Each structure stands twice: as structure tokens, then as C-alpha cells.
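Heads up: the structure comes next, in C-alpha cells.
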Amino acid sequence: MGNCFPWKWLVAQFLNYRIVVTSLFVISSIDISAKANSNCEIKSSCTADCQFTHQTTVDPGSHITLNCTISSEAAENVTWEQAKKLVGEGDGRSDLAVQESSQNTSCRCTKIFFARELVVDGHTESPYLIQQGERPYLECTFSGWPLPPEVNWFREEKLIPNGSKAVYQLDRISGEKENRTLHSSLNFQDAREDQAGFYKCKATNSIPGWSSSTSSEIQTIYQCPHAQDPIVEKLEVLVSKSSNINLTCLVYESEEGCPDYLRWYLNGNKWLREKSGKYKILKKNTHSKCKEEFVLTIFNVTKNDEGNYSCDWNCEYFPTKRATMELKVSVEPVTDPPTVTHVLTGPSYPPSVQRKKWLLPIIILAAVSGVVIFIAALRFGVKKKWTSSHELEKCGFNDEVLKNQLFVSYSSKDVGWVNEYLISLLEKHSIAYSIHSRDFELGKPIVQNMADNVYGSRQVVIVLSQNYLASNFCREELHMAFQRGLDTGDSSVILVMINNLKKKQLPAALREKRLLEFEKHNKKQEWEEKILSQILDWKTVSV
């Protein structure tokens with residue numbers, strides 16, 4: 001059969017009638033041969049009596065290869081641009097026309113359009129200010145012929161995939177026929193500081209044997225919001241007598257140059273200053289140009305230091321803004337609850353058996369040490385299975401009920417590290433997260449808030465440190481995270497060790513788990529790649 005099928009004829013027909021398709025128009029090659037009794041002429045426009053009209057686009061600087069005449073002269077070895085000068089201006093519907101008539105066809109006309117280099121007619125004014133509360137977008141307008149099938153957007157020379165990082169691209173065409181323009185916009189769902197930088201729109205148009213490219217760069221600058229209230233991590237802080245304590249307040253800087261000054265006050269009227277070695281006050285930079293930490297350190301805490309501590313944000317143009325926290329001093333050292341080792345290992349008893357098991361020790365402790373120790377033992381000694389407002393599917397996670405990619409569990413004393421090395425990374429990659437200082441609901445019991453965020457997120461990142469292990473609330477969140485893993489049959493806990501915490505300092509139940517040790521990564525980029533690989537591949541991670 002291979003010897004009989006007319007392969008050569010088929011290939012010849014394909015080459016003669018090849019079609020090049022773009023998203024905007026069809027380019028058809030002109031099949032005008034030197035057949036007998038045929039008449040081919042290049043003119044300024046098609047005549048009205050032509051019944052079959054086609055179109056094609058050519059490089060105006062290329063030579064004509066058709067067996068046609070121009071003003072009764074042979075068109076061969078003449079460029080398309082020279083041909084236009086010979087025949088004069090057309091009617092505006094095309095640059096030239098090739099008209100053919102023969103015995104079989106009374107009149108066939110092909111419109112000829114000249115390719116034009118792509119240019120950027122306009123773009124968003126640079127620099128472009130990104131402001132909080134707005135939905136920023138950047139736009140470039142291209143003209144030329146043919147119009148490009150797509151526009152590519154880059155940030156810092158890296159291609160931005162459409163739909164990535166809460167960014168989407170929209171292209172539209174305006175105008176008619178060869179006078180069309182292409183408008184391409186890069187749209188952001190909301191305004192964020194990490195969107196500041198240099199963006200480029202780039203496009204290419206082409207026909208076989210010819211192409212042109214152009215681009216334009218736009219700089220974006222994030223504008224810090226107007227005056228914002230300071231934020232404190234906790235409304236109530238408990239500290240042991242004779243210890244040192246850091247009180248941290250997150251303050252905002254605005255475009256108006258505010259604040260003029262920051263101050264710490266005790267009980268609303270006593271201005272605290274660095275003197276007599278009692279207080280130390282400093283400002284710390286964060287990952288954000290609009291935020292900084294205002295820290296008050298109190299040395300050798302006594303009962304006289306109890307009270308309401310407020311950080312005041314002062315600026316000439318705005319009323320004073322204040323955030324307050326209450327400091328309570330314990331005469332006795334703040335003791336740890338029973339270690340989490342007992343929560344994560346050992347036999348699992350029904351709740352009724354567990355309560356009976358711990359009842360006698362609790363009564364003895366209450367009689368000896370008082371009601372406070374009794375409550376602590378009841379709360380942390382009994383292994384409790386917390387319920388959450390977010391119901392989870394037994395065979396895996398239900399994306400519809402999970403409100404966040406992950407919940408970050410950390411000690412408030414480690415907020416500086418968390419902001420610099422974790423929160424900044426999550427916001428840079430638009431990963432939804434929750435933290436207790438921002439996302440816990442006012443008026444809801446704190447333990448229920450903890451359960452809702454642990455059970456309402458795909459993953460839980462545990463930031464382990466000496467501060468974390470010393471916190472009752474942190475250990476409770478750790479308990480819930482591992483309990484949630486047992487309930488769902490899926491392990492989704494990421495354990496991160498910071499501040500030179502050693503494995504031997506961990507409860508025995510944690511030492512065999514998969515751990516990310518921050519200090520082992522010499523470069524910030526290595527650390528970011530490691531933690532991102534855990535977060536973005538959460539279904540395959542096993543702790």
C-alpha cells in the first residue's frame with residue numbers, strides 16, 4: 001500500500017496550502033502559479049467584483065516571489081514596500097492586494113497586510129504606589145501587527161505564572177482589524193508589602209521569517225498605612241518574682257513620618273525611663289519597613305512591679321495611640337505542668353478510667369499545695385481529647401472546612417524570631433496561616449480558640465524553644481496537634497527547633513520525631529527552602 005498511496009502529492013499539497021494559526025488571525029500562503037491563461041496583478045486594493053477574498057501578512061522588506069505584474073511590470077525581485085510605492089496608497093483596508101483571474105475563477109483577491117514592529121503604547125505610571133485597602137494592578141498596552149498571542153509578566157526577571165501568589169493576568173483587545181491594540185493587566189487580590197519591586201511586561205509578534213519583541217518596566221513601592229494602633233502579644237503576663245521579663249509592643253510607622261516618639265507607662269501615668277538598671281528600652285527592626293518592635297525589659301521583678309504597662313504611640317498629626325498589658329508577679333516560681341512525655345506516650349485509657357487514676361494524687365496535691373496546683377493537675381494531668389468547631393473527615397482533610405494552610409504555635413517570647421524567619425516567609429509566598437495574637441476570637445475560651453485553630457488548619461508548625469517548653473499554653477497546643485494527628489490518621493505536625501535548643505532538652509516522646517533544626521542552616525535561603533518543602537508537601541511529611 002505504501003507504494004500506491006500518493007505521499008509525494010500529499011506533501012506537495014500541504015506545502016502549497018500550509019496554514020499558520022495565531023490566536024488573533026489566520027495567515028494563508030498565496031498559491032498563485034504561472035498557469036496558462038491566468039492573470040495575476042498586484043494592486044492597491046481589491047476590486048468590488050471579486051467574490052473570494054483572503055488575507056495574509058508579509059514582511060514589507062522581503063522580496064515578492066509571485067509570478068505577478070505591478071503596473072504591467074514583473075513583480076519578481078521587488079520588495080513589498082517598493083510595490084506599495086509603485087501602486088500608490090490603498091483604501092486603508094489593507095496595504096496591498098493580489099488579484100488573480102483565470103478560466104476557472106473570474107476573480108480571486110488576497111489582501112496583503114504589512115507586519116509592523118511591536119511597540120508599547122502605554123503602561124502604568126512608574127513608580128506605582130501600592131496602598132493598603134486597594135486592589136493594585138499594572139497594565140501595558142501593545143500595538144503592532146500581528147498582535148502577540150500572549151504577554152508575559154516578570155518580577156525581578158522571574159516569570160510570574162498566571163494565578164500564582166494571588167496574582168492573575170487579564171488580556172483584552174480593542175480597536176478594529178489591523179489597528180487593534182492589546183491591553184494586558186497584572187491584578188493583585190489585595191495590597192501587601194511583599195509586592196514592592198520591579199515588574200516587566202514583555203511580548204513578541206511574528207510571522208514566518210520575521211519577528212519583533214518589546215518590553216516595559218514598572219517599579220512598585222509599598223506605602224505604609226496611616227496611623228495604626230500598637231499591638232501587644234498578650235493582655236496578661238505572668239512572671240516569677242526576681243526574674244527578668246521582656247514586654248513587647250508592635251508599632252507601625254506611617255508615611256507621614258510618624259511616630260514622633262514612643263514611650264512606656266506604668267498604670268497610665270508613670271513614664272518609664274532607663275535608669276538605675278531597672279529598665280531597658282529599645283526598638284528592634286522587623287521584616288517589614290512599616291513595623292518595629294518596642295521592647296521594655298524589667299530586671300529583678302518584684303511585687304511592686306505589678307500593674308498595667310502601656311506603650312504609647314505619639315505623633316503631631318494624630319491622637320495618641322496606646323496598647324496595654326497587665327503584669328502579674330508570682331511569689332512562687334512559675335512551675336511547669338507535667339511533661340508532655342506523659343501525654344504522648346504510654347497506654348491510652350478511657351476518660352473515666354483516667355479521671356479515677358488521677359483523682360487521688362489530685363486530692364493530695366490540693367490539700368498540700370492549694371487550689372492553684374489542683375487546677376493545674378486536673379487540666380494537664382488528664383489526657384483530654386479536645387473537640388473543635390471544625391469537623392474533620394475521618395479519611396482525610398476536607399478542604400471546605402479548613403480555614404488555613406497552617407497554624408503557627410509558638411511562645412510569645414520568641415515573636416521576634418517567628419516574625420523574621422517564619423511569618424515573613426509565609427506572607428512572601430501567600431501561604432494562609434493563623435497565630436494566636438491575631439486570630440484568636442475575643443470572648444471565646446482560650447482553650448477552645450486553640451482547638452479551633454489546631455483542628456481548622458492543614459498543618460501545625462511547632463516552634464520549639466526553652467520558652468515554648470516552659471509555657472503551659474504552648475504545651476497544650478502541642479498536645480492538641482498530636483491528638484489531632486491520631487484522630488485523622490494523618491501526621492501534619494512540623495517541629496522546628498530554634499535558639500540552640502538541643503534534642504536532649506526535649507521530652508523523650510519528641511526526640512525520635514522528624515525535627516527541623518534552624519541553627520543547622522548557615523544561609524537563610526537554605527532554611528527557607530527546607531521549611532517550604534515541608535509545608536508545600538504536607539501530605540507526604542511524617543513526623
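Naming scheme: A, B, ... for chains in displayed order of the C-alpha cells; residues 1 onward per chain; ligands 1 onward as shown.
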> Counting only C-alpha atoms, what is within 12 Å of stretch 117-130 of chain A, bar same-chain residues fewer than 6 positions away, as an MDAnalysis selection string?
Replying inline: chainID A and resid 59:60 136:148 151 180:188 190:207 210:225 255
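With only C-alpha atoms taken into account, the protein and nucleic acid residues at most 8 Å from A:Asp312 (excluding it and anything under 6 positions from it in its own chain) are Pro230, Leu262, Arg263, Trp264, Tyr265, Thr320, Lys321, Arg322 and Ala323 of chain A.
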Filtering to N, CA, C and O atoms, could you give me those residues as an mmCIF file, in the first residue's frame?
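Wrote it out as out-v5.cif, contents follow:
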data_model
loop_
_atom_site.group_PDB
_atom_site.id
_atom_site.type_symbol
_atom_site.label_atom_id
_atom_site.label_comp_id
_atom_site.auth_asym_id
_atom_site.auth_seq_id
_atom_site.Cartn_x
_atom_site.Cartn_y
_atom_site.Cartn_z
ATOM 1 N N PRO A 230 -0.932 50.367 68.200
ATOM 2 C CA PRO A 230 0.076 49.358 68.559
ATOM 3 C C PRO A 230 -0.608 48.028 68.902
ATOM 4 O O PRO A 230 -1.799 47.987 69.213
ATOM 5 N N LEU A 262 8.034 57.198 71.017
ATOM 6 C CA LEU A 262 7.355 56.095 71.688
ATOM 7 C C LEU A 262 7.727 56.116 73.164
ATOM 8 O O LEU A 262 8.874 56.419 73.512
ATOM 9 N N ARG A 263 6.762 55.751 74.004
ATOM 10 C CA ARG A 263 7.034 55.743 75.438
ATOM 11 C C ARG A 263 6.317 54.576 76.114
ATOM 12 O O ARG A 263 5.270 54.134 75.650
ATOM 13 N N TRP A 264 6.911 54.116 77.219
ATOM 14 C CA TRP A 264 6.273 53.125 78.077
ATOM 15 C C TRP A 264 5.772 53.811 79.353
ATOM 16 O O TRP A 264 6.465 54.649 79.930
ATOM 17 N N TYR A 265 4.552 53.434 79.782
ATOM 18 C CA TYR A 265 3.974 53.982 81.001
ATOM 19 C C TYR A 265 3.511 52.846 81.900
ATOM 20 O O TYR A 265 3.084 51.782 81.423
ATOM 21 N N THR A 320 -2.919 60.329 70.322
ATOM 22 C CA THR A 320 -2.047 59.299 70.897
ATOM 23 C C THR A 320 -2.719 57.934 70.819
ATOM 24 O O THR A 320 -3.905 57.794 71.082
ATOM 25 N N LYS A 321 -1.932 56.916 70.451
ATOM 26 C CA LYS A 321 -2.446 55.557 70.352
ATOM 27 C C LYS A 321 -1.724 54.698 71.382
ATOM 28 O O LYS A 321 -0.513 54.837 71.574
ATOM 29 N N ARG A 322 -2.483 53.789 71.993
ATOM 30 C CA ARG A 322 -1.943 53.057 73.142
ATOM 31 C C ARG A 322 -2.383 51.593 73.117
ATOM 32 O O ARG A 322 -3.489 51.271 72.717
ATOM 33 N N ALA A 323 -1.477 50.715 73.566
ATOM 34 C CA ALA A 323 -1.798 49.308 73.798
ATOM 35 C C ALA A 323 -1.314 48.955 75.200
ATOM 36 O O ALA A 323 -0.220 49.370 75.607
#
> Quick one: DSSP helix (DSSP H, G or I) residues in stretch 112-270 of chain A, as a list of chain:residue names?
Replying inline: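 Selecting the helix (DSSP H, G or I) positions of stretch 112-270 of chain A gives A:Lys177, A:Glu178, A:Asn179, A:Glu193, A:Asp194, A:Gln195.
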> When you draw a straight line from atom CA of A:Ser457 to atom CA of A:Leu406, how long is it in Å?
Replying inline: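 Separation between atom CA of A:Ser457 and atom CA of A:Leu406: 4.9 Å.
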> Which is closest to A:Gly277 among A:Asn304, A:Asn244, A:Asn472, A:Asn314, if we use only C-alpha atoms?
Replying inline: A:Asn244
>> For a test of reading the model, state the distance in Å between atom CA of A:Leu327 and atom CA of A:Leu506, rounded to one decimal.
In response: 28.8 Å
>> Just list as a PyMOL selection string whatever in stretch 32-144 of chain A DSSP marks as strand (DSSP E or B).
In response: chain A and resi 39-43+52-58+63+69-70+73-74+79+96-101+108-114+116-123+128-131+137-144
>> Could you check the closest approach to A:Ser243 for each of A:Glu293, A:Asp305, A:Asp260, A:Glu81 and tell me which residue wins, using only C-alpha atoms?
In response: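 Of all the options, A:Asp305 lies closest to A:Ser243.
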>> Counting only C-alpha atoms, which residue out of A:Tyr433, A:Phe52, A:Tyr309, A:Phe299 sits closest to A:Asn267?
In response: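 Under the stated criterion, the closest residue is A:Tyr309.
Shell of A:Glu306 at 12 Å, with only C-alpha atoms counted and residues fewer than 2 places along the chain excluded, is Glu236, Val237, Leu238, Val239, Ser240, Lys241, Ile245, Leu266, Asn267, Ile298, Val301, Thr302, Lys303, Asn304, Asn308, Tyr309, Met325, Glu326, Leu327, Lys328, Val329, Ser330 and Val331 of chain A.
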Can you write out the residues you just picked, keeping C-alpha atoms, as a PDB file, in the first residue's frame?
ATOM      1  CA  GLU A 236      -1.927  39.456  80.667  1.00  0.00           C
ATOM      2  CA  VAL A 237       1.640  38.395  81.504  1.00  0.00           C
ATOM      3  CA  LEU A 238       2.604  36.211  84.496  1.00  0.00           C
ATOM      4  CA  VAL A 239       6.205  36.298  85.702  1.00  0.00           C
ATOM      5  CA  SER A 240       8.097  34.839  88.662  1.00  0.00           C
ATOM      6  CA  LYS A 241       9.487  37.093  91.354  1.00  0.00           C
ATOM      7  CA  ILE A 245      10.801  39.983  81.720  1.00  0.00           C
ATOM      8  CA  LEU A 266       3.056  52.154  84.209  1.00  0.00           C
ATOM      9  CA  ASN A 267      -0.593  52.439  85.283  1.00  0.00           C
ATOM     10  CA  ILE A 298      12.239  44.823  83.535  1.00  0.00           C
ATOM     11  CA  VAL A 301      10.897  41.773  89.079  1.00  0.00           C
ATOM     12  CA  THR A 302       9.182  42.335  92.472  1.00  0.00           C
ATOM     13  CA  LYS A 303       5.588  42.666  93.632  1.00  0.00           C
ATOM     14  CA  ASN A 304       5.961  46.433  93.293  1.00  0.00           C
ATOM     15  CA  ASN A 308      -0.749  47.881  83.692  1.00  0.00           C
ATOM     16  CA  TYR A 309       2.060  48.592  81.244  1.00  0.00           C
ATOM     17  CA  MET A 325      -0.970  44.671  79.066  1.00  0.00           C
ATOM     18  CA  GLU A 326      -1.235  43.635  82.718  1.00  0.00           C
ATOM     19  CA  LEU A 327       1.826  42.269  84.514  1.00  0.00           C
ATOM     20  CA  LYS A 328       1.250  39.874  87.429  1.00  0.00           C
ATOM     21  CA  VAL A 329       4.067  38.682  89.654  1.00  0.00           C
ATOM     22  CA  SER A 330       4.002  35.245  91.274  1.00  0.00           C
ATOM     23  CA  VAL A 331       5.673  34.986  94.684  1.00  0.00           C
TER      24      VAL A 331
END
> Could you pull the residues within 8 Å of A:Val496, counting only C-alpha atoms, minus those fewer than 6 positions along the same chain, as a PyMOL selection string?
Replying inline: chain A and resi 461-464+515-518
Next, the residues of the selection above should be written as an mmCIF file, in the first residue's frame with N, CA, C and O atoms.
data_model
loop_
_atom_site.group_PDB
_atom_site.id
_atom_site.type_symbol
_atom_site.label_atom_id
_atom_site.label_comp_id
_atom_site.auth_asym_id
_atom_site.auth_seq_id
_atom_site.Cartn_x
_atom_site.Cartn_y
_atom_site.Cartn_z
ATOM 1 N N VAL A 461 2.664 24.165 62.704
ATOM 2 C CA VAL A 461 4.103 24.367 62.849
ATOM 3 C C VAL A 461 4.386 24.662 64.321
ATOM 4 O O VAL A 461 3.887 25.644 64.869
ATOM 5 N N ILE A 462 5.153 23.811 64.958
ATOM 6 C CA ILE A 462 5.513 23.970 66.363
ATOM 7 C C ILE A 462 6.919 24.565 66.429
ATOM 8 O O ILE A 462 7.880 23.952 65.956
ATOM 9 N N VAL A 463 7.056 25.760 66.995
ATOM 10 C CA VAL A 463 8.358 26.414 67.132
ATOM 11 C C VAL A 463 8.889 26.100 68.528
ATOM 12 O O VAL A 463 8.532 26.751 69.512
ATOM 13 N N LEU A 464 9.728 25.084 68.611
ATOM 14 C CA LEU A 464 10.226 24.583 69.891
ATOM 15 C C LEU A 464 11.407 25.411 70.385
ATOM 16 O O LEU A 464 12.350 25.678 69.636
ATOM 17 N N LEU A 515 12.664 16.436 62.990
ATOM 18 C CA LEU A 515 12.882 17.777 63.524
ATOM 19 C C LEU A 515 13.642 18.632 62.516
ATOM 20 O O LEU A 515 14.588 18.158 61.870
ATOM 21 N N LEU A 516 13.246 19.889 62.379
ATOM 22 C CA LEU A 516 13.978 20.865 61.570
ATOM 23 C C LEU A 516 14.762 21.757 62.532
ATOM 24 O O LEU A 516 14.174 22.502 63.316
ATOM 25 N N GLU A 517 16.076 21.687 62.474
ATOM 26 C CA GLU A 517 16.913 22.466 63.382
ATOM 27 C C GLU A 517 17.400 23.721 62.660
ATOM 28 O O GLU A 517 18.198 23.652 61.722
ATOM 29 N N PHE A 518 16.911 24.867 63.098
ATOM 30 C CA PHE A 518 17.199 26.137 62.419
ATOM 31 C C PHE A 518 18.694 26.428 62.388
ATOM 32 O O PHE A 518 19.222 26.884 61.370
#
>> Need to verify the contact set: stretch 108-115 of chain A, 8 Å, only C-alpha atoms, exclusion of same-chain residues closer than 2 positions in sequence. Can you return it as a PyMOL selection string?
In response: chain A and resi 30+45-46+50-60+94-101+105-106+117+144-146+207
